[in-house]
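Reviewing the structure listed below.
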Amino acid sequence: MKILTEKFSLYWKLIKSPQTGLLLATGLAGFMSFKCPVFNIPLLTAIAVSLFLSISGSTVLNMWYDRDIDAKMKRTCYRPLASGVISSREVLNPGVILSILGVGLALLIDPLYGLIVFLGIFLDVFIYTIWLKRRTCWSIIWGGLAGGMPILAGRTLAVGYIEWVGLLLAIGILFWIPTHIMTFSMRYYDDYQAAGIPTFPSRYSFSFTRLMIAISSVLAAVTMGLAAIGIGMTIGYLRLLIVLSLGLILLALMSLIRPSQKLNFGLFKYASLYMLCAMVLMMI
């Protein structure tokens, strides 16, 4: 029993549960922004399972492919795969199985929904991680597109087709991703340099990166606001979203005007909190 618990703990670390949980929340929010969950509990459960499996599988495959660069970075060298606690074969097979199960279930739920879920895995694993991540800092655009697929999938399944609100929600995620990733790349600049991963701070400069963060934060806030109006969010919840968005923009501008490591990390943390709160507002 102890061995199984330890093994489960190792695999749980491979799926990056906070990241997986946030992406899962976006997918559920996309569905619940149009369909009442109370009357769709079985379908909502199936959506949650399919997204959890596919997102987890995608993350595990990314961890498998990036095991060499993870071993070079102080932040990630203690991960089970990078440290050699678990073998690459033990990781690759579960990653493939989880991805296949997730996409397979998604296709059974609805072909268009399943296609979007598959597209998310394809963009994340093959385009972002394998093809572009080690070649260009602009790879985050494709990572952002992949990050927007769960919410687009959930919204599309609820509506029955791809419409402008679902696309706006996905674009909002795309604009939010730079704030999330670029603040991280500045905080762990030396790690990314050691691993040879191109980032905006290393390719351009810290000041240019902060400008890009400020611009993307404004675009993310505006896009999410327009999507909320399209959903029909009531004025009370819309006000809360506006307050949250102003907080994101203010922190980004403060980081641009008076940069500091503390403020940069605070913006990174707030960006995740902002997205989670925005998704909760979309759900209710």
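Labels used: A, B, ... for chains in the order of the structure tokens, numbers from 1 for residues in each chain, and numbers from 1 for ligands as shown.
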Please build the interface table for segment 199-260 of chain A against segment 23-36 of chain A with a cut-off of 10 Å, listing for each qualifying residue the nearest atom pair and the distance in Å to one decimal; count only C-alpha atoms, order rows by chain and increasing number, and write it as a Markdown table.
| residue | atom | partner | partner_atom | distance |
| --- | --- | --- | --- | --- |
| A:Ala228 | CA | A:Ser33 | CA | 9.0 |
| A:Ile231 | CA | A:Ser33 | CA | 6.5 |
| A:Gly232 | CA | A:Ser33 | CA | 8.9 |
| A:Met233 | CA | A:Ser33 | CA | 8.9 |
Tell me, as an MDAnalysis selection string, which residues lie within 9 Å of Leu251 of chain A, counting only C-alpha atoms; anything in the same chain fewer than 3 positions away does not count.
chainID A and resid 214 246:248 254:256 263:264 266:267 270
Which distance in Å separates atom CA of Phe175 of chain A and atom CA of Trp64 of chain A, to one decimal?
27.0 Å
Set the distance at 8 Å and use only C-alpha atoms: which residues neighbour segment 42-46 of chain A once local chain neighbours fewer than 5 positions away are removed? I'd like the list as a PDB file with N, CA and C atoms, in the first residue's frame.
ATOM      1  N   LEU A  28     -14.623  23.951 -17.727  1.00  0.00           N
ATOM      2  CA  LEU A  28     -15.931  23.865 -17.067  1.00  0.00           C
ATOM      3  C   LEU A  28     -16.648  25.209 -17.111  1.00  0.00           C
ATOM      4  N   PRO A  37     -25.402  23.896 -14.746  1.00  0.00           N
ATOM      5  CA  PRO A  37     -24.812  22.620 -14.316  1.00  0.00           C
ATOM      6  C   PRO A  37     -25.793  21.718 -13.572  1.00  0.00           C
ATOM      7  N   LEU A 105     -12.778   9.863 -24.909  1.00  0.00           N
ATOM      8  CA  LEU A 105     -14.009  10.182 -24.182  1.00  0.00           C
ATOM      9  C   LEU A 105     -14.627  11.466 -24.729  1.00  0.00           C
ATOM     10  N   ILE A 109     -18.381  12.057 -26.353  1.00  0.00           N
ATOM     11  CA  ILE A 109     -19.322  13.066 -25.867  1.00  0.00           C
ATOM     12  C   ILE A 109     -19.866  13.877 -27.034  1.00  0.00           C
TER      13      ILE A 109
END
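Restricting the calculation to only C-alpha atoms, the smallest distance between Ile213 of chain A and any of A:Gly166, A:Gly225, A:Pro198, A:Pro178 is found for A:Pro178.
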So, counting only C-alpha atoms, which residue among A:Thr234, A:Ser87, A:Thr179, A:Thr156 is closest to Leu253 of chain A?
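Among A:Thr234, A:Ser87, A:Thr179, A:Thr156, it is A:Thr179 that comes nearest to Leu253 of chain A.
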Minimum-distance residue to Lys133 of chain A, chosen among A:Thr199, A:Thr5, A:Ser83, A:Ser217 (using only C-alpha atoms):
A:Thr199
Could you work out how far atom CA of Lys262 of chain A lies from atom CA of Ile249 of chain A, giving the answer in Å with one decimal?
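Rounded to one decimal, the two atoms are 16.6 Å apart.
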Nearest candidate to Gly21 of chain A (options A:Met224, A:Leu238, A:Leu276, A:Leu169; using only C-alpha atoms):
A:Leu276
May I have the residues within 10 Å of Leu132 of chain A as a list in words, using only C-alpha atoms and disregarding those fewer than 5 positions away in the same chain?
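With the cut-off at 10 Å, the set is Phe126, Ile127, Cys137, Trp138, Ser139, Ile140, Trp142, Gly143 and Pro198 of chain A.
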Counting only C-alpha atoms, the option among A:Val49, A:Leu244, A:Leu119, A:Met149 closest to Leu101 of chain A:
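So, comparing all the options, the nearest one is A:Val49.
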10 Å contact set for Gly114 of chain A, only C-alpha atoms, chain neighbours under 2 positions out, as a count of residues only:
20
Given only C-alpha atoms as the basis, pick out the residue of A:Leu98, A:Ala71, A:Ala271, A:Leu145 nearest to Ser54 of chain A.
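Answer, going by the shortest atom-to-atom distance: A:Leu98.
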From a DSSP pass on the backbone, collect the residues of segment 84-260 of chain A flagged as helix (DSSP H, G or I) and hand them back as a PDB file with C-alpha atoms, in the first residue's frame.
ATOM      1  CA  SER A  88      11.262   7.925 -18.985  1.00  0.00           C
ATOM      2  CA  ARG A  89       9.445   4.756 -20.111  1.00  0.00           C
ATOM      3  CA  GLU A  90       7.322   4.818 -16.951  1.00  0.00           C
ATOM      4  CA  VAL A  91       6.274   8.352 -17.859  1.00  0.00           C
ATOM      5  CA  LEU A  92       5.809   8.124 -21.634  1.00  0.00           C
ATOM      6  CA  ASN A  93       3.301   5.264 -21.581  1.00  0.00           C
ATOM      7  CA  PRO A  94       0.948   6.825 -18.994  1.00  0.00           C
ATOM      8  CA  GLY A  95       1.159  10.153 -20.836  1.00  0.00           C
ATOM      9  CA  VAL A  96       0.064   8.557 -24.096  1.00  0.00           C
ATOM     10  CA  ILE A  97      -2.658   6.496 -22.405  1.00  0.00           C
ATOM     11  CA  LEU A  98      -4.095   9.477 -20.519  1.00  0.00           C
ATOM     12  CA  SER A  99      -4.143  11.556 -23.725  1.00  0.00           C
ATOM     13  CA  ILE A 100      -5.852   8.812 -25.741  1.00  0.00           C
ATOM     14  CA  LEU A 101      -8.439   8.191 -23.027  1.00  0.00           C
ATOM     15  CA  GLY A 102      -9.148  11.918 -22.680  1.00  0.00           C
ATOM     16  CA  VAL A 103      -9.568  12.520 -26.413  1.00  0.00           C
ATOM     17  CA  GLY A 104     -11.490   9.261 -26.869  1.00  0.00           C
ATOM     18  CA  LEU A 105     -14.009  10.182 -24.182  1.00  0.00           C
ATOM     19  CA  ALA A 106     -14.275  13.704 -25.595  1.00  0.00           C
ATOM     20  CA  LEU A 107     -15.068  12.318 -29.057  1.00  0.00           C
ATOM     21  CA  LEU A 108     -17.744  10.064 -27.580  1.00  0.00           C
ATOM     22  CA  ILE A 109     -19.322  13.066 -25.867  1.00  0.00           C
ATOM     23  CA  PRO A 111     -17.129  14.980 -32.223  1.00  0.00           C
ATOM     24  CA  LEU A 112     -16.539  18.755 -32.433  1.00  0.00           C
ATOM     25  CA  TYR A 113     -15.783  18.949 -28.720  1.00  0.00           C
ATOM     26  CA  GLY A 114     -13.361  16.044 -29.090  1.00  0.00           C
ATOM     27  CA  LEU A 115     -11.665  17.667 -32.074  1.00  0.00           C
ATOM     28  CA  ILE A 116     -11.005  20.859 -30.097  1.00  0.00           C
ATOM     29  CA  VAL A 117      -9.655  18.838 -27.151  1.00  0.00           C
ATOM     30  CA  PHE A 118      -7.345  16.959 -29.532  1.00  0.00           C
ATOM     31  CA  LEU A 119      -6.230  20.260 -31.089  1.00  0.00           C
ATOM     32  CA  GLY A 120      -5.264  21.505 -27.631  1.00  0.00           C
ATOM     33  CA  ILE A 121      -3.011  18.485 -27.055  1.00  0.00           C
ATOM     34  CA  PHE A 122      -1.522  18.747 -30.552  1.00  0.00           C
ATOM     35  CA  LEU A 123      -0.710  22.449 -30.170  1.00  0.00           C
ATOM     36  CA  ASP A 124       0.701  22.011 -26.681  1.00  0.00           C
ATOM     37  CA  VAL A 125       2.828  18.891 -27.158  1.00  0.00           C
ATOM     38  CA  PHE A 126       3.882  18.906 -30.800  1.00  0.00           C
ATOM     39  CA  ILE A 127       3.832  22.565 -31.834  1.00  0.00           C
ATOM     40  CA  TYR A 128       4.762  24.337 -28.594  1.00  0.00           C
ATOM     41  CA  THR A 129       6.906  21.858 -26.669  1.00  0.00           C
ATOM     42  CA  ILE A 130       8.583  19.707 -29.304  1.00  0.00           C
ATOM     43  CA  TRP A 131       8.874  22.104 -32.240  1.00  0.00           C
ATOM     44  CA  LEU A 132       9.130  25.703 -30.971  1.00  0.00           C
ATOM     45  CA  SER A 139       6.521  29.872 -28.905  1.00  0.00           C
ATOM     46  CA  ILE A 140       4.358  31.157 -26.039  1.00  0.00           C
ATOM     47  CA  ILE A 141       1.794  32.260 -28.628  1.00  0.00           C
ATOM     48  CA  TRP A 142       1.214  28.627 -29.536  1.00  0.00           C
ATOM     49  CA  GLY A 143       1.264  27.692 -25.868  1.00  0.00           C
ATOM     50  CA  GLY A 144      -1.402  30.341 -25.346  1.00  0.00           C
ATOM     51  CA  LEU A 145      -3.511  28.946 -28.176  1.00  0.00           C
ATOM     52  CA  ALA A 146      -3.280  25.504 -26.589  1.00  0.00           C
ATOM     53  CA  GLY A 147      -4.262  27.002 -23.226  1.00  0.00           C
ATOM     54  CA  GLY A 148      -7.388  28.484 -24.790  1.00  0.00           C
ATOM     55  CA  MET A 149      -8.672  25.178 -26.159  1.00  0.00           C
ATOM     56  CA  PRO A 150     -10.340  23.848 -22.950  1.00  0.00           C
ATOM     57  CA  ILE A 151     -12.570  26.904 -22.538  1.00  0.00           C
ATOM     58  CA  LEU A 152     -13.377  26.929 -26.268  1.00  0.00           C
ATOM     59  CA  ALA A 153     -14.199  23.211 -26.103  1.00  0.00           C
ATOM     60  CA  GLY A 154     -16.504  23.651 -23.107  1.00  0.00           C
ATOM     61  CA  ARG A 155     -18.318  26.627 -24.615  1.00  0.00           C
ATOM     62  CA  THR A 156     -18.657  24.949 -28.019  1.00  0.00           C
ATOM     63  CA  LEU A 157     -20.119  21.793 -26.489  1.00  0.00           C
ATOM     64  CA  ALA A 158     -22.680  23.849 -24.590  1.00  0.00           C
ATOM     65  CA  VAL A 159     -23.703  26.005 -27.552  1.00  0.00           C
ATOM     66  CA  TRP A 164     -17.775  34.501 -31.152  1.00  0.00           C
ATOM     67  CA  VAL A 165     -18.097  34.326 -27.361  1.00  0.00           C
ATOM     68  CA  GLY A 166     -16.200  31.045 -27.219  1.00  0.00           C
ATOM     69  CA  LEU A 167     -13.498  32.472 -29.468  1.00  0.00           C
ATOM     70  CA  LEU A 168     -13.261  35.607 -27.299  1.00  0.00           C
ATOM     71  CA  LEU A 169     -12.848  33.463 -24.187  1.00  0.00           C
ATOM     72  CA  ALA A 170     -10.040  31.505 -25.875  1.00  0.00           C
ATOM     73  CA  ILE A 171      -8.394  34.740 -27.052  1.00  0.00           C
ATOM     74  CA  GLY A 172      -8.643  36.079 -23.500  1.00  0.00           C
ATOM     75  CA  ILE A 173      -6.636  33.071 -22.308  1.00  0.00           C
ATOM     76  CA  LEU A 174      -4.147  33.653 -25.152  1.00  0.00           C
ATOM     77  CA  PHE A 175      -3.601  37.275 -24.032  1.00  0.00           C
ATOM     78  CA  TRP A 176      -3.360  36.208 -20.383  1.00  0.00           C
ATOM     79  CA  ILE A 177      -0.652  33.592 -21.011  1.00  0.00           C
ATOM     80  CA  PRO A 178       2.203  36.122 -21.583  1.00  0.00           C
ATOM     81  CA  THR A 179       1.553  37.724 -18.180  1.00  0.00           C
ATOM     82  CA  HIS A 180       1.724  34.296 -16.591  1.00  0.00           C
ATOM     83  CA  ILE A 181       4.777  33.002 -18.482  1.00  0.00           C
ATOM     84  CA  MET A 182       6.858  36.164 -18.905  1.00  0.00           C
ATOM     85  CA  THR A 183       6.785  37.069 -15.207  1.00  0.00           C
ATOM     86  CA  PHE A 184       7.936  33.504 -14.532  1.00  0.00           C
ATOM     87  CA  SER A 185      10.746  33.723 -17.106  1.00  0.00           C
ATOM     88  CA  MET A 186      12.032  36.912 -15.477  1.00  0.00           C
ATOM     89  CA  ARG A 187      11.968  35.405 -11.992  1.00  0.00           C
ATOM     90  CA  TYR A 189      16.018  33.983 -15.784  1.00  0.00           C
ATOM     91  CA  ASP A 190      19.204  32.115 -14.814  1.00  0.00           C
ATOM     92  CA  ASP A 191      17.465  28.748 -14.944  1.00  0.00           C
ATOM     93  CA  TYR A 192      16.204  29.306 -18.481  1.00  0.00           C
ATOM     94  CA  GLN A 193      19.642  30.514 -19.534  1.00  0.00           C
ATOM     95  CA  ALA A 194      21.261  27.385 -18.099  1.00  0.00           C
ATOM     96  CA  ALA A 195      18.810  25.200 -19.998  1.00  0.00           C
ATOM     97  CA  PHE A 200      11.690  37.352 -23.983  1.00  0.00           C
ATOM     98  CA  PRO A 201      14.075  38.653 -21.262  1.00  0.00           C
ATOM     99  CA  SER A 202      17.048  36.880 -22.884  1.00  0.00           C
ATOM    100  CA  ARG A 203      16.062  37.588 -26.494  1.00  0.00           C
ATOM    101  CA  PHE A 206      13.558  42.938 -19.179  1.00  0.00           C
ATOM    102  CA  SER A 207      12.067  46.352 -19.955  1.00  0.00           C
ATOM    103  CA  PHE A 208      10.622  45.151 -23.270  1.00  0.00           C
ATOM    104  CA  THR A 209       9.231  42.074 -21.522  1.00  0.00           C
ATOM    105  CA  ARG A 210       7.496  44.233 -18.919  1.00  0.00           C
ATOM    106  CA  LEU A 211       5.986  46.334 -21.711  1.00  0.00           C
ATOM    107  CA  MET A 212       4.669  43.180 -23.391  1.00  0.00           C
ATOM    108  CA  ILE A 213       3.216  42.029 -20.063  1.00  0.00           C
ATOM    109  CA  ALA A 214       1.425  45.366 -19.596  1.00  0.00           C
ATOM    110  CA  ILE A 215      -0.006  45.259 -23.122  1.00  0.00           C
ATOM    111  CA  SER A 216      -1.121  41.625 -22.840  1.00  0.00           C
ATOM    112  CA  SER A 217      -2.699  42.284 -19.425  1.00  0.00           C
ATOM    113  CA  VAL A 218      -4.799  45.126 -20.848  1.00  0.00           C
ATOM    114  CA  LEU A 219      -5.821  43.017 -23.851  1.00  0.00           C
ATOM    115  CA  ALA A 220      -6.692  40.052 -21.605  1.00  0.00           C
ATOM    116  CA  ALA A 221      -8.835  42.227 -19.337  1.00  0.00           C
ATOM    117  CA  VAL A 222     -10.663  43.880 -22.244  1.00  0.00           C
ATOM    118  CA  THR A 223     -11.255  40.569 -24.040  1.00  0.00           C
ATOM    119  CA  MET A 224     -12.563  38.870 -20.913  1.00  0.00           C
ATOM    120  CA  GLY A 225     -14.843  41.836 -20.290  1.00  0.00           C
ATOM    121  CA  LEU A 226     -16.301  41.658 -23.795  1.00  0.00           C
ATOM    122  CA  ALA A 227     -16.789  37.890 -23.434  1.00  0.00           C
ATOM    123  CA  ALA A 228     -18.551  38.429 -20.103  1.00  0.00           C
ATOM    124  CA  ILE A 229     -20.936  40.904 -21.762  1.00  0.00           C
ATOM    125  CA  GLY A 230     -21.534  38.379 -24.559  1.00  0.00           C
ATOM    126  CA  ILE A 231     -22.360  35.713 -22.003  1.00  0.00           C
ATOM    127  CA  ILE A 235     -24.041  43.887 -13.639  1.00  0.00           C
ATOM    128  CA  GLY A 236     -23.036  42.838 -10.113  1.00  0.00           C
ATOM    129  CA  TYR A 237     -20.699  40.086 -11.262  1.00  0.00           C
ATOM    130  CA  LEU A 238     -19.485  42.265 -14.133  1.00  0.00           C
ATOM    131  CA  ARG A 239     -18.426  44.916 -11.635  1.00  0.00           C
ATOM    132  CA  LEU A 240     -16.421  42.314  -9.727  1.00  0.00           C
ATOM    133  CA  LEU A 241     -14.718  41.253 -12.964  1.00  0.00           C
ATOM    134  CA  ILE A 242     -13.900  44.897 -13.743  1.00  0.00           C
ATOM    135  CA  VAL A 243     -12.326  45.348 -10.292  1.00  0.00           C
ATOM    136  CA  LEU A 244     -10.264  42.194 -10.751  1.00  0.00           C
ATOM    137  CA  SER A 245      -9.206  43.333 -14.234  1.00  0.00           C
ATOM    138  CA  LEU A 246      -8.185  46.760 -12.964  1.00  0.00           C
ATOM    139  CA  GLY A 247      -6.036  45.039 -10.346  1.00  0.00           C
ATOM    140  CA  LEU A 248      -4.270  43.025 -13.048  1.00  0.00           C
ATOM    141  CA  ILE A 249      -3.688  46.110 -15.214  1.00  0.00           C
ATOM    142  CA  LEU A 250      -2.507  48.199 -12.252  1.00  0.00           C
ATOM    143  CA  LEU A 251       0.041  45.595 -11.149  1.00  0.00           C
ATOM    144  CA  ALA A 252       1.321  45.243 -14.721  1.00  0.00           C
ATOM    145  CA  LEU A 253       1.723  49.018 -15.064  1.00  0.00           C
ATOM    146  CA  MET A 254       3.430  49.300 -11.663  1.00  0.00           C
ATOM    147  CA  SER A 255       5.821  46.537 -12.708  1.00  0.00           C
ATOM    148  CA  LEU A 256       6.580  48.542 -15.864  1.00  0.00           C
ATOM    149  CA  ILE A 257       7.112  51.850 -14.039  1.00  0.00           C
TER     150      ILE A 257
END
